[in-house]
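Next comes work34.csv, a file with CSV, C-alpha atoms and all ligand atoms.
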chain,number,residue,atom,x,y,z
A,18,MET,CA,-49.0,8.3,12.0
A,19,PHE,CA,-45.5,7.0,12.7
A,20,ASN,CA,-42.1,7.8,11.3
A,21,ALA,CA,-41.2,4.4,9.9
A,22,ARG,CA,-37.5,5.3,9.8
A,23,LEU,CA,-37.4,4.8,13.6
A,24,ASP,CA,-38.9,1.3,13.4
A,25,GLY,CA,-35.4,-0.2,13.5
A,26,LEU,CA,-34.6,1.5,16.9
A,27,GLY,CA,-35.9,-1.2,19.3
A,28,ASP,CA,-35.3,-1.0,23.0
A,29,ASN,CA,-32.0,0.3,24.3
A,30,PRO,CA,-29.6,-2.1,26.0
A,31,PHE,CA,-30.7,-1.2,29.5
A,32,GLU,CA,-34.4,-1.7,28.8
A,33,ARG,CA,-33.6,-5.1,27.3
A,34,LEU,CA,-31.6,-6.1,30.4
A,35,SER,CA,-34.5,-5.1,32.6
A,36,ALA,CA,-36.8,-7.3,30.5
A,37,LEU,CA,-34.3,-10.2,30.7
A,38,LEU,CA,-33.7,-10.1,34.4
A,39,GLY,CA,-37.1,-8.7,35.6
A,40,PRO,CA,-38.6,-12.2,36.2
A,41,ILE,CA,-35.5,-13.5,38.0
A,42,SER,CA,-34.8,-12.9,41.7
A,43,PRO,CA,-31.2,-12.1,42.5
A,44,GLY,CA,-29.4,-14.9,44.3
A,45,LYS,CA,-27.6,-12.5,46.7
A,46,PRO,CA,-27.8,-8.9,47.7
A,47,PRO,CA,-27.5,-7.1,44.3
A,48,ILE,CA,-24.3,-5.6,43.0
A,49,VAL,CA,-24.7,-3.4,40.0
A,50,LEU,CA,-22.0,-3.8,37.3
A,51,HIS,CA,-24.0,-3.2,34.2
A,52,LEU,CA,-24.2,0.6,34.2
A,53,GLY,CA,-21.4,3.0,33.4
A,54,GLU,CA,-22.5,5.5,36.0
A,55,PRO,CA,-19.5,6.7,38.1
A,56,GLN,CA,-20.0,6.4,41.8
A,57,HIS,CA,-16.8,8.2,42.9
A,58,PRO,CA,-17.4,11.4,44.8
A,59,ILE,CA,-18.2,14.6,42.9
A,60,PRO,CA,-15.7,17.3,43.8
A,61,GLY,CA,-17.2,19.4,46.7
A,62,PHE,CA,-16.7,22.7,44.9
A,63,VAL,CA,-19.4,21.8,42.3
A,64,ALA,CA,-22.2,22.3,44.8
A,65,GLU,CA,-20.6,25.5,46.0
A,66,VAL,CA,-20.4,27.0,42.5
A,67,LEU,CA,-23.9,25.8,41.6
A,68,HIS,CA,-25.2,27.5,44.8
A,69,ALA,CA,-23.3,30.7,44.2
A,70,ASN,CA,-24.7,31.0,40.7
A,71,ARG,CA,-28.3,29.9,41.5
A,72,ALA,CA,-29.7,33.3,40.7
A,73,LEU,CA,-28.7,32.7,37.0
A,74,LEU,CA,-31.4,30.0,36.8
A,75,GLY,CA,-33.6,33.0,36.0
A,76,LYS,CA,-31.9,33.4,32.7
A,77,TYR,CA,-32.0,31.4,29.4
A,78,PRO,CA,-28.7,29.8,28.8
A,79,PRO,CA,-26.7,31.3,25.8
A,80,LEU,CA,-26.2,29.1,22.8
A,81,ASP,CA,-22.4,29.5,23.1
A,82,GLY,CA,-22.3,29.0,26.8
A,83,THR,CA,-20.2,31.6,28.5
A,84,PRO,CA,-16.8,33.1,27.5
A,85,ASP,CA,-15.4,31.7,30.8
A,86,PHE,CA,-16.7,28.1,30.0
A,87,ARG,CA,-15.3,28.2,26.5
A,88,GLN,CA,-12.0,29.5,27.7
A,89,ALA,CA,-11.7,26.8,30.4
A,90,VAL,CA,-12.4,24.2,27.7
A,91,ALA,CA,-10.0,25.7,25.2
A,92,ASP,CA,-7.3,25.8,27.8
A,93,TRP,CA,-8.0,22.2,28.9
A,94,LEU,CA,-7.9,20.9,25.3
A,95,THR,CA,-4.7,22.8,24.6
A,96,ARG,CA,-3.0,21.4,27.8
A,97,ARG,CA,-4.4,17.9,27.6
A,98,TYR,CA,-3.5,17.3,23.9
A,99,GLY,CA,-0.4,19.5,23.6
A,100,LEU,CA,-2.1,21.6,20.9
A,101,PRO,CA,-0.4,24.7,19.4
A,102,ALA,CA,-1.3,27.8,21.5
A,103,GLY,CA,-4.2,29.6,19.9
A,104,MET,CA,-5.2,26.7,17.7
A,105,ILE,CA,-8.5,26.3,19.6
A,106,GLU,CA,-10.3,29.6,19.6
A,107,PRO,CA,-13.1,29.7,22.2
A,108,GLY,CA,-15.4,31.6,19.9
A,109,ARG,CA,-15.0,29.4,16.8
A,110,HIS,CA,-14.2,25.9,17.8
A,111,ILE,CA,-16.4,25.0,20.9
A,112,LEU,CA,-20.0,24.6,21.7
A,113,PRO,CA,-21.4,23.5,25.1
A,114,LEU,CA,-23.6,20.4,25.3
A,115,SER,CA,-26.0,19.1,27.9
A,116,GLY,CA,-23.9,15.9,28.2
A,117,THR,CA,-22.5,14.4,25.0
A,118,ARG,CA,-25.4,12.1,24.3
A,119,GLU,CA,-27.6,14.8,23.0
A,120,GLY,CA,-24.8,16.3,20.9
A,121,LEU,CA,-23.9,12.9,19.4
A,122,PHE,CA,-27.5,12.4,18.6
A,123,MET,CA,-28.1,15.7,17.0
A,124,ALA,CA,-24.8,16.0,15.1
A,125,PRO,CA,-25.7,13.9,12.0
A,126,LEU,CA,-28.5,16.3,11.2
A,127,ILE,CA,-25.9,18.8,10.1
A,128,ALA,CA,-24.0,16.3,7.9
A,129,VAL,CA,-26.4,13.8,6.3
A,130,PRO,CA,-27.6,14.9,2.9
A,131,GLU,CA,-30.6,13.5,1.0
A,132,LYS,CA,-28.3,11.3,-1.1
A,133,LYS,CA,-24.6,10.8,-1.4
A,134,ALA,CA,-22.9,9.2,-4.3
A,135,GLY,CA,-26.4,8.6,-5.7
A,136,ALA,CA,-27.3,6.4,-2.8
A,137,ARG,CA,-28.8,6.5,0.7
A,138,PRO,CA,-26.2,8.1,2.9
A,139,ALA,CA,-24.5,5.8,5.4
A,140,ALA,CA,-23.6,6.4,9.1
A,141,LEU,CA,-20.6,4.2,9.7
A,142,MET,CA,-20.1,2.9,13.3
A,143,PRO,CA,-18.4,0.1,15.1
A,144,ASN,CA,-20.3,-2.9,16.2
A,145,PRO,CA,-20.6,-3.0,19.2
A,146,PHE,CA,-21.5,0.7,19.7
A,147,TYR,CA,-23.0,3.2,22.0
A,148,HIS,CA,-26.8,3.0,21.3
A,149,ALA,CA,-27.2,6.7,20.6
A,150,TYR,CA,-25.2,6.5,17.4
A,151,ALA,CA,-27.7,4.1,15.7
A,152,GLY,CA,-30.7,6.2,16.8
A,153,ALA,CA,-29.1,9.3,15.6
A,154,ALA,CA,-28.3,7.8,12.2
A,155,LEU,CA,-31.9,6.7,11.7
A,156,ALA,CA,-33.4,9.9,12.9
A,157,ALA,CA,-31.2,11.9,10.4
A,158,GLY,CA,-32.2,9.6,7.5
A,159,ALA,CA,-28.9,7.7,7.2
A,160,GLU,CA,-28.5,4.0,7.1
A,161,PRO,CA,-26.4,2.7,10.0
A,162,VAL,CA,-23.6,0.5,8.7
A,163,TYR,CA,-22.2,-1.6,11.5
A,164,LEU,CA,-18.5,-2.4,11.1
A,165,PRO,CA,-17.3,-5.4,13.2
A,166,ALA,CA,-14.9,-4.4,16.0
A,167,THR,CA,-13.2,-7.5,17.0
A,168,ARG,CA,-10.1,-8.5,19.0
A,169,ALA,CA,-8.2,-9.1,15.7
A,170,HIS,CA,-8.1,-5.3,15.1
A,171,ASN,CA,-7.8,-4.0,18.6
A,172,PHE,CA,-11.6,-3.9,18.8
A,173,PHE,CA,-11.8,-1.1,16.2
A,174,PRO,CA,-13.2,-1.4,12.7
A,175,ASP,CA,-10.8,-2.7,10.1
A,176,LEU,CA,-10.5,0.4,7.9
A,177,ASP,CA,-9.2,-1.7,5.0
A,178,ALA,CA,-12.3,-3.9,5.0
A,179,ILE,CA,-14.9,-1.1,4.6
A,180,PRO,CA,-16.5,-1.6,1.2
A,181,GLU,CA,-15.8,1.3,-1.2
A,182,ARG,CA,-19.5,1.9,-1.8
A,183,ASP,CA,-20.0,2.5,1.9
A,184,LEU,CA,-17.1,4.9,2.1
A,185,ALA,CA,-18.4,6.7,-0.9
A,186,ARG,CA,-21.9,7.2,0.6
A,187,ALA,CA,-20.7,7.8,4.2
A,188,ALA,CA,-21.9,11.0,5.7
A,189,VAL,CA,-20.7,10.4,9.2
A,190,PHE,CA,-18.4,8.0,11.0
A,191,TYR,CA,-18.8,7.5,14.7
A,192,LEU,CA,-15.9,6.2,16.7
A,193,CYS,CA,-15.4,6.0,20.5
A,194,SER,CA,-11.8,5.9,21.8
A,195,PRO,CA,-11.2,4.8,24.5
A,196,ALA,CA,-13.8,2.4,23.2
A,197,ASN,CA,-17.0,1.5,25.0
A,198,PRO,CA,-17.3,-1.4,25.8
A,199,GLN,CA,-13.9,-2.8,25.1
A,200,GLY,CA,-11.6,-0.1,26.6
A,201,THR,CA,-9.1,-0.2,23.8
A,202,VAL,CA,-7.5,3.0,22.5
A,203,ALA,CA,-7.1,3.9,18.9
A,204,SER,CA,-3.5,4.5,18.0
A,205,ALA,CA,-2.3,7.7,16.5
A,206,ASP,CA,-1.6,5.8,13.3
A,207,TYR,CA,-5.2,4.5,13.2
A,208,LEU,CA,-6.6,8.0,13.7
A,209,ARG,CA,-4.3,9.3,11.0
A,210,ARG,CA,-5.7,6.8,8.5
A,211,LEU,CA,-9.3,7.5,9.6
A,212,LEU,CA,-8.9,11.2,9.2
A,213,ALA,CA,-7.3,10.8,5.8
A,214,LEU,CA,-10.3,8.6,4.8
A,215,SER,CA,-12.8,11.2,6.0
A,216,ARG,CA,-11.2,13.8,3.9
A,217,ARG,CA,-10.8,11.6,0.8
A,218,HIS,CA,-14.5,10.6,0.9
A,219,ASP,CA,-15.8,13.8,2.6
A,220,PHE,CA,-17.6,12.4,5.6
A,221,VAL,CA,-17.6,13.9,9.2
A,222,LEU,CA,-15.8,12.1,12.0
A,223,LEU,CA,-17.9,12.1,15.2
A,224,MET,CA,-15.3,11.2,17.7
A,225,ASP,CA,-16.7,10.2,21.1
A,226,GLU,CA,-13.8,10.8,23.5
A,227,CYS,CA,-15.8,10.8,26.7
A,228,TYR,CA,-13.5,8.2,28.3
A,229,ALA,CA,-10.3,10.0,27.4
A,230,GLU,CA,-9.5,10.9,31.0
A,231,ILE,CA,-10.0,7.5,32.5
A,232,TYR,CA,-6.8,5.5,31.9
A,233,THR,CA,-4.4,3.6,34.0
A,234,ARG,CA,-1.2,4.0,32.0
A,235,GLU,CA,-0.7,6.4,29.1
A,236,ALA,CA,-3.1,9.3,28.2
A,237,PRO,CA,-5.0,8.2,25.1
A,238,THR,CA,-4.3,10.2,21.9
A,239,GLY,CA,-7.1,12.6,20.9
A,240,THR,CA,-8.3,13.2,17.3
A,241,LEU,CA,-7.6,17.0,17.7
A,242,GLN,CA,-3.9,16.1,18.0
A,243,ILE,CA,-4.1,14.3,14.7
A,244,GLY,CA,-5.9,17.2,13.1
A,245,ALA,CA,-3.2,19.5,14.5
A,246,GLU,CA,-0.6,17.5,12.7
A,247,THR,CA,-2.3,18.2,9.4
A,248,GLY,CA,-2.8,21.9,10.3
A,249,SER,CA,-6.6,21.6,10.0
A,250,LEU,CA,-9.6,20.4,11.9
A,251,LYS,CA,-11.6,19.8,8.7
A,252,ASN,CA,-14.2,17.1,9.0
A,253,VAL,CA,-13.5,16.5,12.7
A,254,LEU,CA,-15.8,16.9,15.7
A,255,VAL,CA,-14.8,15.6,19.1
A,256,PHE,CA,-17.2,15.1,22.0
A,257,HIS,CA,-16.1,15.4,25.7
A,258,SER,CA,-18.0,15.0,28.9
A,259,LEU,CA,-17.8,15.6,32.6
A,260,SER,CA,-19.9,12.6,33.3
A,261,LYS,CA,-17.0,10.2,33.4
A,262,ARG,CA,-14.0,12.5,34.0
A,263,SER,CA,-15.6,14.3,37.0
A,264,ASN,CA,-18.1,11.7,38.2
A,265,ALA,CA,-21.0,14.0,37.4
A,266,PRO,CA,-23.4,12.3,35.0
A,267,GLY,CA,-26.3,14.1,36.5
A,268,LEU,CA,-24.8,17.5,35.8
A,269,ARG,CA,-25.4,16.9,32.1
A,270,SER,CA,-22.4,18.8,30.9
A,271,GLY,CA,-20.1,18.2,27.9
A,272,PHE,CA,-18.9,20.0,24.8
A,273,VAL,CA,-18.2,19.5,21.1
A,274,ALA,CA,-15.1,20.9,19.5
A,275,GLY,CA,-13.5,20.9,16.1
A,276,ASP,CA,-14.0,22.0,12.5
A,277,PRO,CA,-15.2,25.7,12.7
A,278,ASP,CA,-17.5,25.3,9.6
A,279,LEU,CA,-19.3,22.4,11.2
A,280,ILE,CA,-19.4,24.1,14.6
A,281,LYS,CA,-21.1,27.1,12.9
A,282,ARG,CA,-23.7,24.9,11.3
A,283,PHE,CA,-24.2,23.0,14.5
A,284,ARG,CA,-24.6,26.3,16.4
A,285,THR,CA,-27.4,27.4,14.0
A,286,LEU,CA,-29.2,24.0,14.3
A,287,ARG,CA,-28.9,24.2,18.1
A,288,SER,CA,-30.5,27.6,18.1
A,289,TYR,CA,-33.6,25.8,16.9
A,290,GLY,CA,-33.6,22.7,19.1
A,291,GLY,CA,-30.4,22.3,21.2
A,292,SER,CA,-30.5,21.4,24.8
A,293,LEU,CA,-28.4,24.1,26.4
A,294,PRO,CA,-26.6,23.7,29.8
A,295,PRO,CA,-27.9,26.2,32.4
A,296,LEU,CA,-25.6,29.0,33.5
A,297,PRO,CA,-24.9,27.6,37.0
A,298,THR,CA,-24.0,24.3,35.3
A,299,LEU,CA,-21.6,26.1,32.9
A,300,ALA,CA,-19.9,27.9,35.9
A,301,ALA,CA,-19.4,24.6,37.7
A,302,SER,CA,-18.2,22.9,34.5
A,303,ALA,CA,-15.6,25.6,33.9
A,304,ALA,CA,-14.3,25.0,37.4
A,305,LEU,CA,-14.2,21.3,36.8
A,306,TRP,CA,-12.3,21.6,33.5
A,307,ARG,CA,-9.7,23.8,35.3
A,308,ASP,CA,-9.2,21.2,38.1
A,309,GLU,CA,-7.0,18.2,37.6
A,310,ALA,CA,-6.6,17.1,41.2
A,311,HIS,CA,-10.0,15.3,41.3
A,312,VAL,CA,-9.3,13.6,37.9
A,313,GLU,CA,-6.0,12.2,39.2
A,314,GLU,CA,-7.7,10.9,42.3
A,315,ASN,CA,-10.3,9.3,40.1
A,316,ARG,CA,-7.6,7.6,38.0
A,317,ALA,CA,-5.9,6.3,41.1
A,318,LEU,CA,-9.2,4.7,42.2
A,319,TYR,CA,-9.8,3.1,38.8
A,320,ARG,CA,-6.1,1.9,38.8
A,321,GLN,CA,-6.7,0.2,42.1
A,322,LYS,CA,-9.8,-1.6,40.8
A,323,PHE,CA,-8.1,-2.8,37.6
A,324,ASP,CA,-5.3,-4.2,39.8
A,325,ILE,CA,-8.0,-6.1,41.8
A,326,ALA,CA,-9.6,-7.3,38.6
A,327,GLU,CA,-6.3,-8.5,37.2
A,328,ARG,CA,-5.7,-10.4,40.5
A,329,ILE,CA,-9.1,-12.0,40.6
A,330,LEU,CA,-9.6,-12.8,36.9
A,331,GLY,CA,-6.0,-13.3,35.8
A,332,ASN,CA,-5.9,-14.7,32.3
A,333,ARG,CA,-9.5,-16.2,32.4
A,334,PHE,CA,-12.4,-15.0,30.2
A,335,GLY,CA,-10.0,-13.3,27.9
A,336,PHE,CA,-9.2,-10.7,30.6
A,337,TYR,CA,-6.9,-7.8,29.5
A,338,ARG,CA,-6.2,-4.6,31.2
A,339,PRO,CA,-8.0,-1.9,29.1
A,340,GLY,CA,-6.0,1.1,27.9
A,341,GLY,CA,-8.8,3.4,28.9
A,342,GLY,CA,-12.4,3.7,30.3
A,343,PHE,CA,-13.7,1.7,33.2
A,344,PHE,CA,-15.2,-1.4,31.6
A,345,LEU,CA,-14.1,-5.0,31.5
A,346,TRP,CA,-15.1,-6.9,28.3
A,347,LEU,CA,-15.1,-10.6,29.2
A,348,ASP,CA,-15.4,-13.5,26.7
A,349,VAL,CA,-17.8,-15.8,28.5
A,350,GLY,CA,-19.9,-17.7,25.8
A,351,ASP,CA,-23.6,-17.0,25.5
A,352,SER,CA,-23.8,-13.4,27.0
A,353,GLU,CA,-27.5,-13.5,27.7
A,354,ALA,CA,-27.4,-16.9,29.4
A,355,VAL,CA,-24.4,-15.8,31.5
A,356,ALA,CA,-26.1,-12.5,32.5
A,357,LYS,CA,-29.1,-14.5,33.7
A,358,HIS,CA,-26.9,-17.0,35.6
A,359,LEU,CA,-24.8,-14.2,37.3
A,360,TRP,CA,-28.0,-12.5,38.5
A,361,ALA,CA,-29.8,-15.6,39.6
A,362,SER,CA,-26.8,-17.2,41.3
A,363,ALA,CA,-24.6,-14.3,42.4
A,364,GLY,CA,-26.9,-11.2,42.4
A,365,VAL,CA,-24.5,-9.5,40.0
A,366,ARG,CA,-26.0,-7.4,37.2
A,367,VAL,CA,-23.9,-7.3,34.1
A,368,LEU,CA,-24.7,-6.2,30.5
A,369,PRO,CA,-24.8,-8.9,27.8
A,370,GLY,CA,-22.5,-7.8,24.9
A,371,HIS,CA,-25.2,-8.9,22.5
A,372,TYR,CA,-27.3,-5.9,23.6
A,373,LEU,CA,-24.6,-3.5,22.5
A,374,THR,CA,-24.5,-4.8,18.9
A,375,ARG,CA,-26.7,-5.5,15.9
A,376,ASP,CA,-26.8,-8.8,14.1
A,377,VAL,CA,-25.4,-8.3,10.6
A,378,ALA,CA,-26.3,-10.9,7.9
A,379,GLY,CA,-23.4,-13.2,7.1
A,380,GLU,CA,-21.3,-12.1,10.0
A,381,ALA,CA,-20.6,-13.5,13.4
A,382,ASN,CA,-22.0,-11.2,16.1
A,383,PRO,CA,-18.9,-9.5,17.6
A,384,GLY,CA,-20.5,-9.0,21.1
A,385,ALA,CA,-22.7,-12.1,21.6
A,386,ALA,CA,-20.0,-14.0,23.5
A,387,TYR,CA,-19.0,-11.1,25.8
A,388,ILE,CA,-20.3,-9.4,29.0
A,389,ARG,CA,-19.5,-5.8,30.0
A,390,LEU,CA,-18.7,-5.0,33.6
A,391,ALA,CA,-18.5,-1.4,34.7
A,392,LEU,CA,-16.0,-0.9,37.6
A,393,VAL,CA,-17.7,2.3,38.7
A,394,ASP,CA,-18.7,1.5,42.3
A,395,ASP,CA,-16.4,1.8,45.3
A,396,VAL,CA,-13.4,-0.5,45.7
A,397,THR,CA,-15.0,-2.8,48.2
A,398,LYS,CA,-18.2,-3.4,46.3
A,399,THR,CA,-16.4,-3.7,43.0
A,400,GLU,CA,-14.0,-6.3,44.5
A,401,GLU,CA,-17.0,-8.3,46.0
A,402,GLY,CA,-18.8,-8.2,42.6
A,403,LEU,CA,-15.7,-9.4,40.7
A,404,ARG,CA,-15.2,-12.2,43.2
A,405,ARG,CA,-18.8,-13.4,42.8
A,406,VAL,CA,-18.4,-13.2,39.0
A,407,ALA,CA,-15.3,-15.3,39.1
A,408,GLU,CA,-16.8,-17.9,41.4
A,409,ALA,CA,-20.1,-18.1,39.5
A,410,LEU,CA,-18.4,-18.6,36.1
B,1,LIG,C1,-19.6,5.8,24.7
B,1,LIG,C2,-20.4,6.9,25.4
B,1,LIG,N1,-20.7,8.0,24.7
B,1,LIG,C3,-21.4,9.0,25.3
B,1,LIG,C4,-22.0,8.8,26.5
B,1,LIG,C5,-22.9,9.8,27.0
B,1,LIG,O1,-22.4,10.5,28.1
B,1,LIG,P1,-23.0,11.9,28.6
B,1,LIG,O2,-24.2,12.2,27.8
B,1,LIG,O3,-23.3,11.6,30.1
B,1,LIG,O4,-21.9,12.9,28.4
B,1,LIG,C6,-21.8,7.6,27.2
B,1,LIG,C7,-22.5,7.4,28.5
B,1,LIG,O5,-22.5,6.3,29.1
B,1,LIG,C8,-21.0,6.6,26.6
B,1,LIG,O6,-20.8,5.4,27.2

Could you write out this structure as structure tokens?
Ligand SMILES: Cc1ncc(COP(=O)(O)O)c(C=O)c1O
Amino acid sequence: MFNARLDGLGDNPFERLSALLGPISPGKPPIVLHLGEPQHPIPGFVAEVLHANRALLGKYPPLDGTPDFRQAVADWLTRRYGLPAGMIEPGRHILPLSGTREGLFMAPLIAVPEKKAGARPAALMPNPFYHAYAGAALAAGAEPVYLPATRAHNFFPDLDAIPERDLARAAVFYLCSPANPQGTVASADYLRRLLALSRRHDFVLLMDECYAEIYTREAPTGTLQIGAETGSLKNVLVFHSLSKRSNAPGLRSGFVAGDPDLIKRFRTLRSYGGSLPPLPTLAASAALWRDEAHVEENRALYRQKFDIAERILGNRFGFYRPGGGFFLWLDVGDSEAVAKHLWASAGVRVLPGHYLTRDVAGEANPGAAYIRLALVDDVTKTEEGLRRVAEAL
């Protein structure tokens, strides 16, 4: 007995890459550029706070986290996005997550109805996309609708090109800004139009902002700022994580914030099956959200690596300096063939853009000609990896 809805899932991008490169020996000592797993140091106080709170492992974590965690998050959101004081209420607008992936996966369950506008509900998402979105859509009973995100529109879906019938049956719309994999940042104007659309057609915006703190020039606009302009957070949920901001992907800590009615429903659902961060994790997370020094150091390291990338790649392979995140999205031709070649000749593991997309009938695949490089290792290894890539291509 199988749930046929999940037949469309397939292997995730990393499993596909392992299958592609498994039979090939690396041409040089391997350098890993395919995985967005930050290797910068985790702030030292994290281990201290975890240790000091270790006795709390004897308690079940509360659904709402702790008041201290929620206050630290509310203060951070207010500071980071210049929100009106008191707009984010720790008890109404925030829930802790064990990393954003599980929250992004679970969220459609609170929004997807049996039918919308007389049809199967749609989960709109960019193509390419973070693989959890598609799995979540299918698990919740929605049809994933992949909207091409190409250079012509700053690598975001063209909002004017979405068919009316898909807007009408949309239950959720996933968007990631800064975008993974392209690193572009949605403008305030784009977010305003998206928010207006979500309210006109009554769908929920699931805004993945986990790269919001990795930028080398201006701080990316957040969707809560746009909500604040309208005086309401209706239909908006934003997802934030310590995985990228604080180099702590193994801590499994993030949060969701936004529309209090949605948060209330999400809270109820999570009481049945949510993955709740343990109390020591919440204590360490509160300390991380209160500290900006390590985030600034982080940004300085990424800035240094993007400077190096700019020097090595110049204007080749469609290189541009991303507005946010830590990926390069290079236009190289056949992405699978290039990934194999880079591994076999240069020992560099990169992710074929094709694996971050779905083929859509009648449309050119928007990732098939690209590779994604994550600049997450230390400066020396990243520079060596980029040099090898440039030589091999
Ligand atoms: C776009 C995007 N969203 C969400 C996540 C999940 O991050 P986490 O669950 O570690 O918070 C990732 C991780 O790579 C990601 O790239």

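Going from atom CA of A:Ile388 to atom CA of A:Glu400 covers 17.0 Å.
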
- Query: Could you list, as an MDAnalysis selection string, all the residues within 9 Å of ligand LIG 1 (chain B), counting all atoms listed in the file?
  - Reply: chainID A and resid 52:54 114:121 146:150 192:198 225:228 256:261 265:272

- Could you please determine the separation between atom CA of A:Asp28 and atom CA of A:Gly158 in Å, to one decimal place?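 So the answer is 19.0 Å.
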
- Spatial neighbours of A:Lys76, max dist 10 Å, all atoms listed in the file, sep filter under 3 positions, as a list in words: Ala72, Leu73, Pro79, Pro295 and Leu296 of chain A

- Skip A:Asp85 itself and residues of its chain fewer than 3 positions away, then list as a ChimeraX atom specification all residues within 10 Å of it, counting all atoms listed in the file. /A:82,88-91,107,299-300,302-304

- Item | Within-10 Å shell of (-1.8, 26.4, 11.4) in input frame, all atoms listed in the file, as a VMD selection string | chain A and resid 101 103 to 104 245 to 250

- Message: The residues within 7 Å of (-17.0, 5.1, 16.2), using all atoms listed in the file and the coordinates of the file, should be reported as a list of chain:residue names; which are they?
- Response: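 Here the neighbourhood of the point contains A:Met142, A:Pro143, A:Phe190, A:Tyr191, A:Leu192, A:Cys193, A:Met224.
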
Could those residues be written to a file, using C-alpha atoms, as a tab-separated table (two decimals), in the coordinates of the input?
chain	number	residue	atom	x	y	z
A	142	MET	CA	-20.10	2.90	13.30
A	143	PRO	CA	-18.40	0.10	15.10
A	190	PHE	CA	-18.40	8.00	11.00
A	191	TYR	CA	-18.80	7.50	14.70
A	192	LEU	CA	-15.90	6.20	16.70
A	193	CYS	CA	-15.40	6.00	20.50
A	224	MET	CA	-15.30	11.20	17.70

- Quick one: residues within 9 Å of A:Gly402, only C-alpha atoms counted, chain neighbours fewer than 2 positions away excluded, as JSON, numbers by chain? {"A": [47, 48, 49, 50, 363, 364, 365, 397, 398, 399, 400, 404, 405, 406, 407]}

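Of note, atom CA of A:Val396 and atom CA of A:Asp324 are spaced 10.7 Å apart.
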
- Task: Tell me which protein, DNA and RNA residues are within 9 Å of stretch 318-323 of chain A, counting only C-alpha atoms, leaving out same-chain ones fewer than 4 positions away, and put them as a PyMOL selection string.
- Result: chain A and resi 57+231-234+313-314+327-328+338-339+342-343+345+392-393+395-396+399-400

- Item | Option closest in space to A:Asn315, from A:Pro78, A:Gly27, A:Pro58, A:Pro277 [counting all atoms listed in the file] |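 The shortest atom-to-atom distance to A:Asn315 comes from A:Pro58.
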
- Task: Name the closest residue to A:Asn171 among the candidates A:Pro30, A:Gly331, A:Gly200, A:Gly99; distances are taken between atoms, counting all atoms listed in the file.
- Result: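 So, comparing all the options, the nearest one is A:Gly200.
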
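Distance check against A:Ala391 using all atoms listed in the file: of A:Leu347, A:Val189, A:Met123, A:Leu155, the minimum falls on A:Leu347.
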
- Task: Please identify all polymer residues within 9 Å of A:Pro383, counting all atoms listed in the file, omitting same-chain residues fewer than 4 positions from it, and present them as a PyMOL selection string.
- Result: chain A and resi 144-145+165-168+370-371+374-376+387

- Pick the closest to A:Trp93 from A:Leu390, A:Ala274, A:Leu38, A:Val66: which is it, counting all atoms listed in the file?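 Checking each candidate against A:Trp93, we get A:Ala274 as the closest.
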
- Shortest interatomic distance to A:Ser204 - which of A:His170, A:Arg186, A:Lys281, A:Arg316, counting all atoms listed in the file: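 Among A:His170, A:Arg186, A:Lys281, A:Arg316, it is A:His170 that comes nearest to A:Ser204.
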
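Nearest residue to A:Gly239 among A:Leu100, A:Ile105, A:Ala151, A:Ala213 is A:Leu100, counting only C-alpha atoms.
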